[in-house]
file final-v6.cif (mmCIF, C-alpha atoms and all ligand atoms)
data_target
loop_
_atom_site.label_atom_id
_atom_site.label_comp_id
_atom_site.auth_asym_id
_atom_site.auth_seq_id
_atom_site.Cartn_x
_atom_site.Cartn_y
_atom_site.Cartn_z
CA MET O 1 13.43 -51.50 12.78
CA LYS O 2 14.04 -52.80 9.25
CA GLU O 3 10.51 -51.90 8.12
CA ILE O 4 11.16 -48.13 8.19
CA LEU O 5 12.58 -47.07 4.84
CA SER O 6 15.27 -44.42 4.86
CA PHE O 7 16.62 -42.63 1.79
CA THR O 8 19.53 -41.05 3.61
CA LYS O 9 22.92 -42.64 3.26
CA THR O 10 25.11 -42.12 6.27
CA ASN O 11 27.99 -44.08 7.71
CA LEU O 12 26.82 -43.14 11.19
CA GLU O 13 24.87 -45.51 13.35
CA ASN O 14 21.06 -45.03 13.19
CA LEU O 15 19.87 -44.13 16.66
CA GLU O 16 16.77 -45.49 18.31
CA VAL O 17 15.29 -42.88 20.59
CA VAL O 18 12.99 -44.04 23.36
CA LYS O 19 12.43 -40.79 25.24
CA SER O 20 13.05 -37.05 24.96
CA GLU O 21 13.02 -34.49 27.76
CA ASN O 22 14.15 -30.85 27.88
CA TYR O 23 16.96 -31.03 25.32
CA HIS O 24 18.05 -34.58 26.04
CA ILE O 25 17.27 -37.70 24.05
CA THR O 26 17.49 -41.16 25.59
CA LEU O 27 18.49 -44.08 23.36
CA ASN O 28 17.34 -47.70 23.69
CA ASN O 29 20.76 -48.61 25.15
CA GLY O 30 20.19 -46.11 27.99
CA LYS O 31 22.65 -43.53 26.65
CA VAL O 32 21.52 -39.90 26.95
CA LEU O 33 22.56 -37.35 24.30
CA ILE O 34 22.36 -33.56 24.56
CA ASP O 35 20.45 -32.49 21.47
CA THR O 36 22.42 -29.59 19.99
CA MET O 37 20.32 -29.85 16.79
CA SER O 38 16.98 -28.97 18.49
CA GLY O 39 15.55 -31.99 16.70
CA LEU O 40 15.91 -31.15 13.00
CA TRP O 41 16.19 -27.38 13.69
CA CYS O 42 12.60 -27.49 14.91
CA SER O 43 12.34 -27.78 18.72
CA PRO O 44 14.11 -24.74 20.22
CA LEU O 45 11.78 -24.83 23.25
CA GLY O 46 12.85 -28.39 23.97
CA TYR O 47 10.83 -31.52 24.50
CA SER O 48 9.21 -30.71 27.85
CA CYS O 49 7.22 -27.58 27.06
CA GLN O 50 4.08 -28.43 29.02
CA PRO O 51 1.88 -25.51 27.78
CA LEU O 52 2.32 -26.78 24.20
CA LYS O 53 1.33 -30.30 25.21
CA ASP O 54 -1.67 -28.97 27.16
CA ALA O 55 -2.82 -26.86 24.19
CA MET O 56 -2.74 -29.92 21.92
CA TYR O 57 -4.57 -32.11 24.41
CA GLN O 58 -7.25 -29.51 25.17
CA GLN O 59 -7.86 -28.93 21.46
CA SER O 60 -8.15 -32.68 20.87
CA LEU O 61 -11.05 -32.72 23.35
CA ILE O 62 -12.93 -29.90 21.56
CA ASN O 63 -12.29 -30.51 17.88
CA PRO O 64 -9.48 -32.92 16.92
CA TYR O 65 -9.76 -32.72 13.12
CA GLN O 66 -10.99 -30.34 10.43
CA SER O 67 -9.46 -29.27 7.10
CA ASN O 68 -9.25 -26.09 5.05
CA PHE O 69 -8.78 -28.13 1.85
CA LEU O 70 -12.36 -27.64 0.58
CA GLY O 71 -12.63 -24.10 1.90
CA HIS O 72 -14.14 -24.93 5.31
CA HIS O 73 -12.88 -23.07 8.37
CA ASN O 74 -12.66 -23.92 12.05
CA GLU O 75 -12.52 -21.61 15.04
CA ILE O 76 -9.00 -22.21 16.37
CA THR O 77 -7.42 -22.09 12.89
CA GLU O 78 -9.15 -18.77 12.20
CA ILE O 79 -7.86 -17.29 15.47
CA TYR O 80 -4.38 -18.64 14.72
CA SER O 81 -4.27 -17.36 11.11
CA SER O 82 -5.17 -13.89 12.18
CA ARG O 83 -2.52 -13.88 14.96
CA LEU O 84 0.15 -15.31 12.63
CA CYS O 85 -0.60 -12.90 9.76
CA ASP O 86 -0.49 -9.92 12.16
CA LEU O 87 2.80 -11.09 13.63
CA ALA O 88 4.37 -11.65 10.20
CA ASN O 89 2.78 -8.57 8.59
CA MET O 90 1.25 -10.72 5.84
CA HIS O 91 -2.29 -10.76 4.41
CA ASN O 92 -3.22 -14.45 4.06
CA VAL O 93 -1.90 -17.80 5.13
CA TYR O 94 -2.29 -21.28 3.68
CA PHE O 95 -1.43 -24.03 6.16
CA THR O 96 0.35 -27.20 5.07
CA ASN O 97 1.91 -30.12 6.89
CA SER O 98 5.63 -29.50 6.24
CA GLY O 99 8.20 -27.04 4.97
CA SER O 100 8.38 -28.80 1.58
CA SER O 101 4.61 -28.59 1.04
CA ALA O 102 4.64 -24.90 2.05
CA VAL O 103 7.50 -24.19 -0.41
CA GLU O 104 5.58 -26.18 -3.05
CA THR O 105 2.54 -23.97 -2.40
CA ALA O 106 4.66 -20.79 -2.62
CA ILE O 107 6.29 -21.80 -5.93
CA LYS O 108 2.94 -22.86 -7.43
CA ILE O 109 1.43 -19.47 -6.49
CA ALA O 110 4.39 -17.56 -7.99
CA CYS O 111 4.31 -19.60 -11.23
CA HIS O 112 0.52 -19.34 -11.41
CA ILE O 113 0.39 -15.56 -11.17
CA SER O 114 3.46 -14.98 -13.38
CA LYS O 115 2.48 -17.63 -15.95
CA ASN O 116 6.14 -18.62 -16.00
CA THR O 117 8.09 -21.59 -14.62
CA THR O 118 11.56 -20.11 -14.27
CA GLY O 119 13.04 -19.22 -10.92
CA VAL O 120 16.23 -18.17 -9.20
CA ALA O 121 17.65 -19.76 -6.02
CA SER O 122 20.89 -19.70 -4.15
CA LYS O 123 23.73 -22.20 -4.13
CA HIS O 124 23.88 -24.46 -1.01
CA SER O 125 20.13 -23.92 -0.48
CA TYR O 126 17.75 -26.62 0.70
CA HIS O 127 14.03 -26.00 0.17
CA GLY O 128 12.61 -29.49 0.56
CA SER O 129 12.07 -32.89 -0.98
CA THR O 130 8.92 -32.57 -3.08
CA ILE O 131 9.53 -32.12 -6.81
CA LEU O 132 9.26 -28.31 -7.01
CA SER O 133 11.01 -27.64 -3.70
CA ALA O 134 13.80 -30.08 -4.66
CA ALA O 135 14.20 -28.33 -8.03
CA ALA O 136 14.78 -25.06 -6.16
CA SER O 137 17.42 -26.70 -3.92
CA ASP O 138 21.14 -27.13 -4.55
CA GLN O 139 21.37 -30.00 -7.02
CA THR O 140 24.66 -31.34 -5.64
CA ILE O 141 22.66 -33.15 -3.00
CA ASN O 142 19.03 -32.84 -3.87
CA SER O 143 18.85 -33.99 -7.46
CA TRP O 144 16.39 -36.64 -8.54
CA SER O 145 15.97 -38.45 -11.82
CA ASN O 146 13.49 -40.00 -14.23
CA ILE O 147 10.99 -37.13 -13.95
CA ALA O 148 11.08 -34.29 -16.46
CA ASP O 149 12.16 -31.10 -14.70
CA PRO O 150 9.02 -28.98 -14.19
CA LEU O 151 10.98 -25.81 -13.38
CA ILE O 152 14.11 -24.09 -14.57
CA VAL O 153 15.86 -22.75 -11.49
CA ASN O 154 19.09 -20.81 -12.01
CA LYS O 155 21.44 -20.86 -9.03
CA PHE O 156 23.51 -17.90 -7.85
CA SER O 157 26.36 -17.64 -5.38
CA ASN O 158 26.83 -13.86 -5.30
CA SER O 159 25.04 -10.63 -6.17
CA SER O 160 26.46 -10.38 -9.73
CA GLU O 161 25.29 -13.90 -10.57
CA LEU O 162 21.91 -13.07 -9.02
CA GLU O 163 21.60 -9.92 -11.10
CA ALA O 164 22.57 -11.79 -14.28
CA ALA O 165 19.93 -14.46 -13.56
CA LEU O 166 17.26 -11.84 -12.88
CA LYS O 167 17.83 -10.15 -16.25
CA ASN O 168 15.85 -13.09 -17.71
CA ASP O 169 12.11 -13.21 -17.32
CA VAL O 170 11.62 -15.18 -14.08
CA ALA O 171 8.56 -16.07 -12.00
CA PHE O 172 10.25 -15.86 -8.62
CA ALA O 173 13.43 -15.73 -6.58
CA ILE O 174 13.51 -18.00 -3.54
CA LEU O 175 15.93 -17.52 -0.69
CA GLU O 176 16.78 -18.95 2.70
CA PRO O 177 17.72 -15.69 4.48
CA ILE O 178 20.42 -17.70 6.22
CA ILE O 179 21.27 -20.97 4.51
CA ALA O 180 20.80 -23.43 7.35
CA ALA O 181 21.13 -27.16 6.59
CA GLY O 182 23.49 -26.37 3.70
CA GLY O 183 26.09 -25.11 6.17
CA VAL O 184 24.94 -21.87 7.94
CA TYR O 185 25.95 -19.38 5.24
CA SER O 186 24.87 -15.76 5.09
CA HIS O 187 24.24 -13.68 1.95
CA SER O 188 25.99 -10.40 1.30
CA GLY O 189 24.08 -7.15 1.78
CA GLU O 190 24.27 -6.65 -2.02
CA VAL O 191 22.17 -9.79 -2.57
CA PHE O 192 19.34 -8.21 -0.57
CA GLU O 193 19.80 -4.89 -2.42
CA VAL O 194 19.53 -6.61 -5.83
CA LEU O 195 16.42 -8.49 -4.70
CA LYS O 196 14.83 -5.26 -3.43
CA ASP O 197 15.59 -3.53 -6.71
CA TYR O 198 13.98 -6.28 -8.83
CA GLN O 199 11.13 -6.66 -6.36
CA SER O 200 10.25 -3.01 -6.96
CA LYS O 201 9.99 -3.91 -10.68
CA GLY O 202 7.58 -6.79 -10.01
CA LEU O 203 9.76 -9.79 -9.07
CA ILE O 204 8.06 -12.12 -6.58
CA VAL O 205 10.47 -12.80 -3.74
CA ILE O 206 9.82 -15.91 -1.64
CA TRP O 207 11.58 -16.07 1.73
CA ASP O 208 11.93 -19.59 2.96
CA GLU O 209 11.95 -19.11 6.74
CA THR O 210 11.36 -22.79 7.47
CA VAL O 211 14.42 -22.72 9.72
CA THR O 212 14.98 -19.04 10.49
CA GLY O 213 11.40 -18.26 11.61
CA PHE O 214 10.36 -18.09 15.25
CA GLY O 215 13.41 -16.55 16.78
CA LYS O 216 16.48 -18.34 15.40
CA LEU O 217 18.24 -15.02 14.70
CA GLY O 218 16.90 -13.28 17.80
CA THR O 219 13.95 -11.62 16.03
CA TRP O 220 10.57 -13.24 15.30
CA PHE O 221 11.57 -13.72 11.67
CA ALA O 222 14.72 -13.21 9.62
CA LYS O 223 12.77 -10.67 7.56
CA ASP O 224 12.70 -8.44 10.65
CA TYR O 225 16.40 -9.00 11.22
CA PHE O 226 17.30 -8.06 7.62
CA GLN O 227 14.45 -5.53 7.25
CA PHE O 228 13.21 -7.13 4.07
CA GLU O 229 9.51 -7.58 3.26
CA PRO O 230 9.10 -10.64 1.00
CA ASP O 231 6.01 -11.13 -1.19
CA ILE O 232 5.63 -14.72 -0.04
CA MET O 233 7.00 -16.27 3.12
CA VAL O 234 7.30 -19.90 4.16
CA LEU O 235 7.29 -21.09 7.77
CA ALA O 236 7.57 -24.60 9.26
CA LYS O 237 9.67 -26.49 11.86
CA GLY O 238 9.72 -24.12 14.89
CA ILE O 239 6.15 -23.03 14.02
CA SER O 240 4.93 -25.91 16.22
CA ASN O 241 8.23 -26.51 18.07
CA GLY O 242 8.23 -29.78 16.13
CA TYR O 243 5.30 -31.16 18.16
CA PHE O 244 2.95 -31.28 15.14
CA PRO O 245 3.72 -31.56 11.38
CA LEU O 246 2.90 -27.99 10.36
CA GLY O 247 3.96 -25.56 7.64
CA ALA O 248 2.58 -22.25 6.39
CA CYS O 249 2.75 -20.23 3.19
CA LEU O 250 1.99 -16.55 3.86
CA ILE O 251 1.34 -13.98 1.15
CA LYS O 252 1.02 -10.21 0.79
CA GLU O 253 -2.24 -8.64 -0.37
CA HIS O 254 -0.96 -7.81 -3.87
CA VAL O 255 -0.16 -11.51 -4.38
CA ALA O 256 -3.56 -12.60 -3.02
CA GLU O 257 -5.31 -10.27 -5.46
CA ARG O 258 -3.68 -11.98 -8.44
CA ILE O 259 -4.59 -15.57 -7.51
CA LYS O 260 -7.34 -17.06 -9.66
CA PHE O 261 -8.74 -20.50 -8.93
CA PHE O 262 -6.33 -23.43 -9.00
CA ASN O 263 -6.75 -26.78 -7.37
CA HIS O 264 -4.37 -27.19 -4.46
CA GLY O 265 -4.63 -28.33 -0.87
CA PHE O 266 -3.93 -30.97 1.71
CA THR O 267 -6.06 -33.17 3.97
CA PHE O 268 -4.26 -31.74 6.99
CA SER O 269 -4.38 -28.04 5.94
CA GLY O 270 -5.64 -25.94 8.84
CA HIS O 271 -5.60 -28.81 11.34
CA PRO O 272 -7.06 -27.69 14.71
CA ILE O 273 -4.37 -29.40 16.82
CA GLY O 274 -1.61 -27.87 14.69
CA SER O 275 -3.29 -24.48 15.05
CA ALA O 276 -3.60 -24.85 18.84
CA VAL O 277 0.08 -25.69 19.26
CA GLY O 278 1.13 -22.97 16.77
CA LEU O 279 -0.83 -20.38 18.75
CA GLU O 280 0.78 -21.52 22.00
CA VAL O 281 4.27 -21.34 20.44
CA ILE O 282 3.57 -17.66 19.74
CA ASN O 283 2.45 -17.18 23.37
CA GLN O 284 5.55 -18.91 24.71
CA LEU O 285 8.00 -17.01 22.51
CA SER O 286 6.29 -13.71 23.33
CA SER O 287 7.43 -14.04 26.94
CA MET O 288 11.00 -15.16 26.15
CA ASN O 289 14.23 -13.32 25.61
CA LEU O 290 15.31 -14.35 22.12
CA ASP O 291 18.76 -12.80 22.29
CA HIS O 292 21.27 -15.53 21.38
CA SER O 293 24.42 -13.44 21.64
CA ARG O 294 25.66 -15.79 24.41
CA PHE O 295 26.10 -18.43 21.63
CA LYS O 296 28.38 -16.19 19.58
CA ARG O 297 31.68 -17.77 20.63
CA THR O 298 33.60 -19.44 17.81
CA ILE O 299 36.45 -21.96 17.82
CA THR O 300 39.76 -20.84 16.40
CA HIS O 301 42.09 -23.74 15.63
CA ASN O 302 44.40 -24.64 12.76
CA LYS O 303 42.20 -27.68 12.00
CA VAL O 304 39.09 -25.47 11.65
CA ILE O 305 38.66 -23.77 8.26
CA GLU O 306 35.77 -21.61 9.45
CA HIS O 307 33.31 -21.52 12.33
CA ARG O 308 30.14 -19.70 11.20
CA VAL O 309 27.55 -18.58 13.75
CA GLN O 310 24.16 -16.94 13.12
CA GLY O 311 21.87 -16.55 16.14
CA CYS O 312 21.52 -19.98 17.77
CA MET O 313 22.80 -21.78 14.64
CA GLY O 314 26.38 -22.68 13.83
CA ALA O 315 28.56 -24.63 11.41
CA ILE O 316 32.15 -25.75 11.86
CA GLU O 317 33.97 -26.35 8.60
CA PHE O 318 36.92 -28.76 8.38
CA SER O 319 39.34 -29.49 5.55
CA SER O 320 37.66 -32.77 4.56
CA LYS O 321 34.46 -34.82 4.78
CA SER O 322 36.26 -37.50 6.78
CA LYS O 323 37.31 -34.97 9.46
CA ALA O 324 33.72 -33.66 9.71
CA PHE O 325 32.40 -37.20 9.92
CA LYS O 326 34.92 -38.13 12.62
CA PHE O 327 33.94 -35.02 14.58
CA VAL O 328 30.23 -35.93 14.49
CA LYS O 329 31.03 -39.51 15.55
CA SER O 330 33.27 -38.42 18.44
CA MET O 331 30.75 -35.80 19.61
CA ARG O 332 28.06 -38.48 19.73
CA GLU O 333 30.39 -40.71 21.77
CA GLN O 334 30.89 -37.77 24.14
CA GLY O 335 27.10 -37.35 24.52
CA TYR O 336 26.23 -34.66 21.95
CA MET O 337 23.73 -35.03 19.10
CA ILE O 338 25.10 -33.10 16.13
CA GLU O 339 24.80 -33.52 12.32
CA SER O 340 26.73 -33.05 9.08
CA ALA O 341 25.65 -30.20 6.80
CA SER O 342 23.66 -31.36 3.78
CA GLU O 343 25.27 -29.28 1.03
CA ASN O 344 28.83 -28.89 2.26
CA LEU O 345 29.84 -32.19 3.78
CA ASN O 346 33.09 -30.74 5.15
CA SER O 347 30.93 -28.85 7.66
CA ILE O 348 29.00 -29.97 10.71
CA VAL O 349 25.96 -27.98 11.86
CA TYR O 350 24.16 -27.28 15.11
CA CYS O 351 21.03 -25.39 16.22
CA LEU O 352 21.05 -24.77 19.96
CA PRO O 353 17.79 -24.85 21.93
CA TYR O 354 16.82 -21.43 23.33
CA ILE O 355 16.65 -23.05 26.77
CA PHE O 356 20.31 -24.21 26.62
CA THR O 357 22.13 -22.87 29.68
CA ASP O 358 25.39 -20.88 29.61
CA LEU O 359 27.13 -23.80 31.32
CA ASP O 360 25.82 -26.25 28.69
CA PHE O 361 27.16 -23.98 25.97
CA GLU O 362 30.53 -23.70 27.70
CA ASN O 363 30.76 -27.51 27.98
CA PHE O 364 29.66 -27.98 24.36
CA ILE O 365 32.42 -25.68 23.09
CA LYS O 366 35.03 -27.22 25.42
CA THR O 367 34.12 -30.76 24.28
CA SER O 368 34.26 -29.66 20.62
CA GLU O 369 37.66 -28.05 21.15
CA SER O 370 39.12 -31.08 22.85
CA ILE O 371 37.86 -33.43 20.09
CA ILE O 372 39.31 -31.13 17.42
CA ASN O 373 42.60 -31.00 19.28
CA ASP O 374 42.99 -34.66 20.21
CA ASN O 375 40.94 -36.75 17.75
CA LEU O 376 41.09 -35.09 14.30
C1 LIG E 401 14.99 -24.00 4.53
C2 LIG E 401 14.19 -25.26 4.43
N1 LIG E 401 13.11 -25.27 3.63
C3 LIG E 401 12.32 -26.36 3.52
C4 LIG E 401 12.62 -27.52 4.21
C5 LIG E 401 11.74 -28.72 4.07
O1 LIG E 401 11.00 -28.88 5.23
P1 LIG E 401 10.30 -30.29 5.56
O2 LIG E 401 11.40 -31.26 5.83
O3 LIG E 401 9.44 -29.98 6.76
O4 LIG E 401 9.49 -30.67 4.39
C6 LIG E 401 13.74 -27.56 5.05
C7 LIG E 401 14.07 -28.78 5.80
O5 LIG E 401 15.11 -28.94 6.39
C8 LIG E 401 14.55 -26.41 5.16
O6 LIG E 401 15.66 -26.41 5.92
#

call {"tool": "encode", "arguments": {"input": "final-v6.cif", "output": "structure tokens"}}
result
Amino acid sequence: MKEILSFTKTNLENLEVVKSENYHITLNNGKVLIDTMSGLWCSPLGYSCQPLKDAMYQQSLINPYQSNFLGHHNEITEIYSSRLCDLANMHNVYFTNSGSSAVETAIKIACHISKNTTGVASKHSYHGSTILSAAASDQTINSWSNIADPLIVNKFSNSSELEAALKNDVAFAILEPIIAAGGVYSHSGEVFEVLKDYQSKGLIVIWDETVTGFGKLGTWFAKDYFQFEPDIMVLAKGISNGYFPLGACLIKEHVAERIKFFNHGFTFSGHPIGSAVGLEVINQLSSMNLDHSRFKRTITHNKVIEHRVQGCMGAIEFSSKSKAFKFVKSMREQGYMIESASENLNSIVYCLPYIFTDLDFENFIKTSESIINDNL
């Protein structure tokens, strides 16, 4: 176990998972945890979705590897791109192997066509761990050193700060429609209005739907939920239900028309197995009810500062980091996998699988309430 390097500092025990089924993970000591994180916000269909596994296996028999890096195409990836672009109302897609690499692609495109390296992003946001995606993230957690900053990214926390930042000449604004890992925060309606206004004057708006895509808010994408058409959109995580490392950067036609040649790509761009599982995720979600209103219930307690819920995602905020940490630890002891938020460490976060039953949800809330009452 010591050979695997980890950059994350946590006081919690590192778990060794030996098996996962439905939304349960089994540890090497035999303990079974209910995964209320859906992996890392990426497996809302759970770990036993047989049609996804079949699609990957069948594709591996026909054509297990090709790449779009040098411009080549393959049949399944072409079918998948067309289906995904239609679904998302976008013109082109570039496939990557993660959310970070898709955000990196989106920022490079925006800077390339604007000939500018200044951007605007929101406080608490997390856009990834590569250099450009980290620069666009909240620096309280995602800062790095010893490398000259390639981008200037001004952070906003409300519509007036956003408007002030946009008065400068910027290449792009990047936004998580709902801030997920940072603590499940929503933006005010005015933020979207300001973005729309500047978008109509030429601002490139990138929506990072790495988390919110594929049904987390009850619609296919958060852009449908908020009725906002971004110029560039990033998808990852739920795109393959976490079964294959896949990300996508989708662009509108007017963006595509402005791209001149620049060298960019990945060995695993347009991977046939990723495309096969991505296509099957679309098929599976098409036949599901994505209404998550049954997960709306919030906990009211004098030890809870705020309980924020958006679709299947939630965050419970406490008065201190130590209370949040104690909550996560006690929940794990009681059989629930749950995590701390990355940008606001007083909060814990969850992302319930779509296949979670009403009874599971009831038990999850009851266990949370009793821990808050008795242990914190
Ligand atoms: C909104 C958002 N964007 C980008 C990323 C980075 O994705 P990945 O870890 O697949 O590189 C994440 C990861 O949590 C995310 O939440």

call {"tool": "residues_around", "arguments": {"input": "final-v6.cif", "residues": "Leu203 of chain O", "least_positions_apart": "2", "cutoff": "9 Å", "atoms": "all atoms listed in the file", "output": "list in words"}}
result
Leu166, Val170, Ala171, Phe172, Ala173, Leu195, Lys196, Asp197, Tyr198, Gln199, Ser200, Lys201, Val205 and Asp231 of chain O

call {"tool": "write_last_selection", "arguments": {"input": "final-v6.cif", "atoms": "C-alpha atoms", "output": "mmCIF file, keeping the file's coordinate frame"}}
result
data_model
loop_
_atom_site.group_PDB
_atom_site.id
_atom_site.type_symbol
_atom_site.label_atom_id
_atom_site.label_comp_id
_atom_site.auth_asym_id
_atom_site.auth_seq_id
_atom_site.Cartn_x
_atom_site.Cartn_y
_atom_site.Cartn_z
ATOM 1 C CA LEU O 166 17.260 -11.840 -12.880
ATOM 2 C CA VAL O 170 11.620 -15.180 -14.080
ATOM 3 C CA ALA O 171 8.560 -16.070 -12.000
ATOM 4 C CA PHE O 172 10.250 -15.860 -8.620
ATOM 5 C CA ALA O 173 13.430 -15.730 -6.580
ATOM 6 C CA LEU O 195 16.420 -8.490 -4.700
ATOM 7 C CA LYS O 196 14.830 -5.260 -3.430
ATOM 8 C CA ASP O 197 15.590 -3.530 -6.710
ATOM 9 C CA TYR O 198 13.980 -6.280 -8.830
ATOM 10 C CA GLN O 199 11.130 -6.660 -6.360
ATOM 11 C CA SER O 200 10.250 -3.010 -6.960
ATOM 12 C CA LYS O 201 9.990 -3.910 -10.680
ATOM 13 C CA VAL O 205 10.470 -12.800 -3.740
ATOM 14 C CA ASP O 231 6.010 -11.130 -1.190
#

call {"tool": "residues_near_ligand", "arguments": {"input": "final-v6.cif", "ligand": "ligand LIG 401 (chain E)", "cutoff": "6 Å", "atoms": "all atoms listed in the file", "output": "VMD selection string"}}
result
chain O and resid 98 to 100 126 to 128 176 181 208 210 to 211

call {"tool": "residues_around", "arguments": {"input": "final-v6.cif", "residues": "Ser269 of chain O", "least_positions_apart": "4", "cutoff": "9 Å", "atoms": "all atoms listed in the file", "output": "list of chain:residue names"}}
result
O:Gln66, O:Ser67, O:Asn68, O:Phe69, O:Tyr94, O:Phe95, O:Thr96, O:Asn97, O:Leu246, O:Gly247, O:Gly265

call {"tool": "write_last_selection", "arguments": {"input": "final-v6.cif", "atoms": "C-alpha atoms", "output": "PDB file, in the coordinates of the input"}}
result
ATOM      1  CA  GLN O  66     -10.990 -30.340  10.430  1.00  0.00           C
ATOM      2  CA  SER O  67      -9.460 -29.270   7.100  1.00  0.00           C
ATOM      3  CA  ASN O  68      -9.250 -26.090   5.050  1.00  0.00           C
ATOM      4  CA  PHE O  69      -8.780 -28.130   1.850  1.00  0.00           C
ATOM      5  CA  TYR O  94      -2.290 -21.280   3.680  1.00  0.00           C
ATOM      6  CA  PHE O  95      -1.430 -24.030   6.160  1.00  0.00           C
ATOM      7  CA  THR O  96       0.350 -27.200   5.070  1.00  0.00           C
ATOM      8  CA  ASN O  97       1.910 -30.120   6.890  1.00  0.00           C
ATOM      9  CA  LEU O 246       2.900 -27.990  10.360  1.00  0.00           C
ATOM     10  CA  GLY O 247       3.960 -25.560   7.640  1.00  0.00           C
ATOM     11  CA  GLY O 265      -4.630 -28.330  -0.870  1.00  0.00           C
TER      12      GLY O 265
END

call {"tool": "residues_around", "arguments": {"input": "final-v6.cif", "residues": "Tyr225 of chain O", "least_positions_apart": "3", "cutoff": "12 Å", "atoms": "only C-alpha atoms", "output": "ChimeraX atom specification"}}
result
/O:177-178,209,212-222,228-229,291,310-311

call {"tool": "residues_around", "arguments": {"input": "final-v6.cif", "residues": "Leu175 of chain O", "least_positions_apart": "3", "cutoff": "8 Å", "atoms": "only C-alpha atoms", "output": "list of chain:residue names"}}
result
O:Ala121, O:Ser122, O:Ser125, O:Val205, O:Ile206, O:Trp207, O:Asp208

call {"tool": "atom_distance", "arguments": {"input": "final-v6.cif", "atom1": "atom CA of Pro272 of chain O", "atom2": "atom CA of Leu84 of chain O"}}
result
14.5 Å

call {"tool": "closest_residue", "arguments": {"input": "final-v6.cif", "among": "O:Tyr23, O:Glu317, O:Phe262, O:Phe7", "to": "Thr300 of chain O", "atoms": "all atoms listed in the file"}}
result
O:Glu317

call {"tool": "atom_distance", "arguments": {"input": "final-v6.cif", "atom1": "atom CA of Ala180 of chain O", "atom2": "atom CA of Glu333 of chain O"}}
result
24.5 Å

call {"tool": "closest_residue", "arguments": {"input": "final-v6.cif", "among": "O:Met90, O:Leu15, O:Ser6, O:Phe268", "to": "Glu253 of chain O", "atoms": "all atoms listed in the file"}}
result
O:Met90

call {"tool": "residues_around", "arguments": {"input": "final-v6.cif", "residues": "Ser43 of chain O", "least_positions_apart": "6", "cutoff": "10 Å", "atoms": "all atoms listed in the file", "output": "list in words"}}
result
Asn22, Tyr23, Asp35, Met37, Cys49, Lys237, Gly238, Ile239, Ser240, Asn241, Gly242, Tyr243, Cys351, Leu352, Pro353 and Tyr354 of chain O

call {"tool": "closest_residue", "arguments": {"input": "final-v6.cif", "among": "O:Ile316, O:Val349, O:Leu162, O:Met337", "to": "Lys31 of chain O", "atoms": "only C-alpha atoms"}}
result
O:Met337

call {"tool": "closest_residue", "arguments": {"input": "final-v6.cif", "among": "O:Ile204, O:Glu193, O:Ser48, O:Ile79", "to": "Asn116 of chain O", "atoms": "all atoms listed in the file"}}
result
O:Ile204

call {"tool": "atom_distance", "arguments": {"input": "final-v6.cif", "atom1": "atom CA of Val234 of chain O", "atom2": "atom CA of Ala106 of chain O"}}
result
7.3 Å

call {"tool": "closest_residue", "arguments": {"input": "final-v6.cif", "among": "O:Ile232, O:Ile62, O:Cys312, O:Ile355", "to": "Tyr47 of chain O", "atoms": "only C-alpha atoms"}}
result
O:Ile355

call {"tool": "closest_residue", "arguments": {"input": "final-v6.cif", "among": "O:Leu45, O:Met288, O:Ile259, O:Ala164", "to": "Lys108 of chain O", "atoms": "all atoms listed in the file"}}
result
O:Ile259

call {"tool": "residues_near_point", "arguments": {"input": "final-v6.cif", "point": "(31.1, -17.8, -6.2)", "cutoff": "12 Å", "atoms": "all atoms listed in the file", "output": "list in words"}}
result
Ser122, Lys123, His124, Lys155, Phe156, Ser157, Asn158, Ser159, Ser160, Glu161, Leu162, His187 and Ser188 of chain O
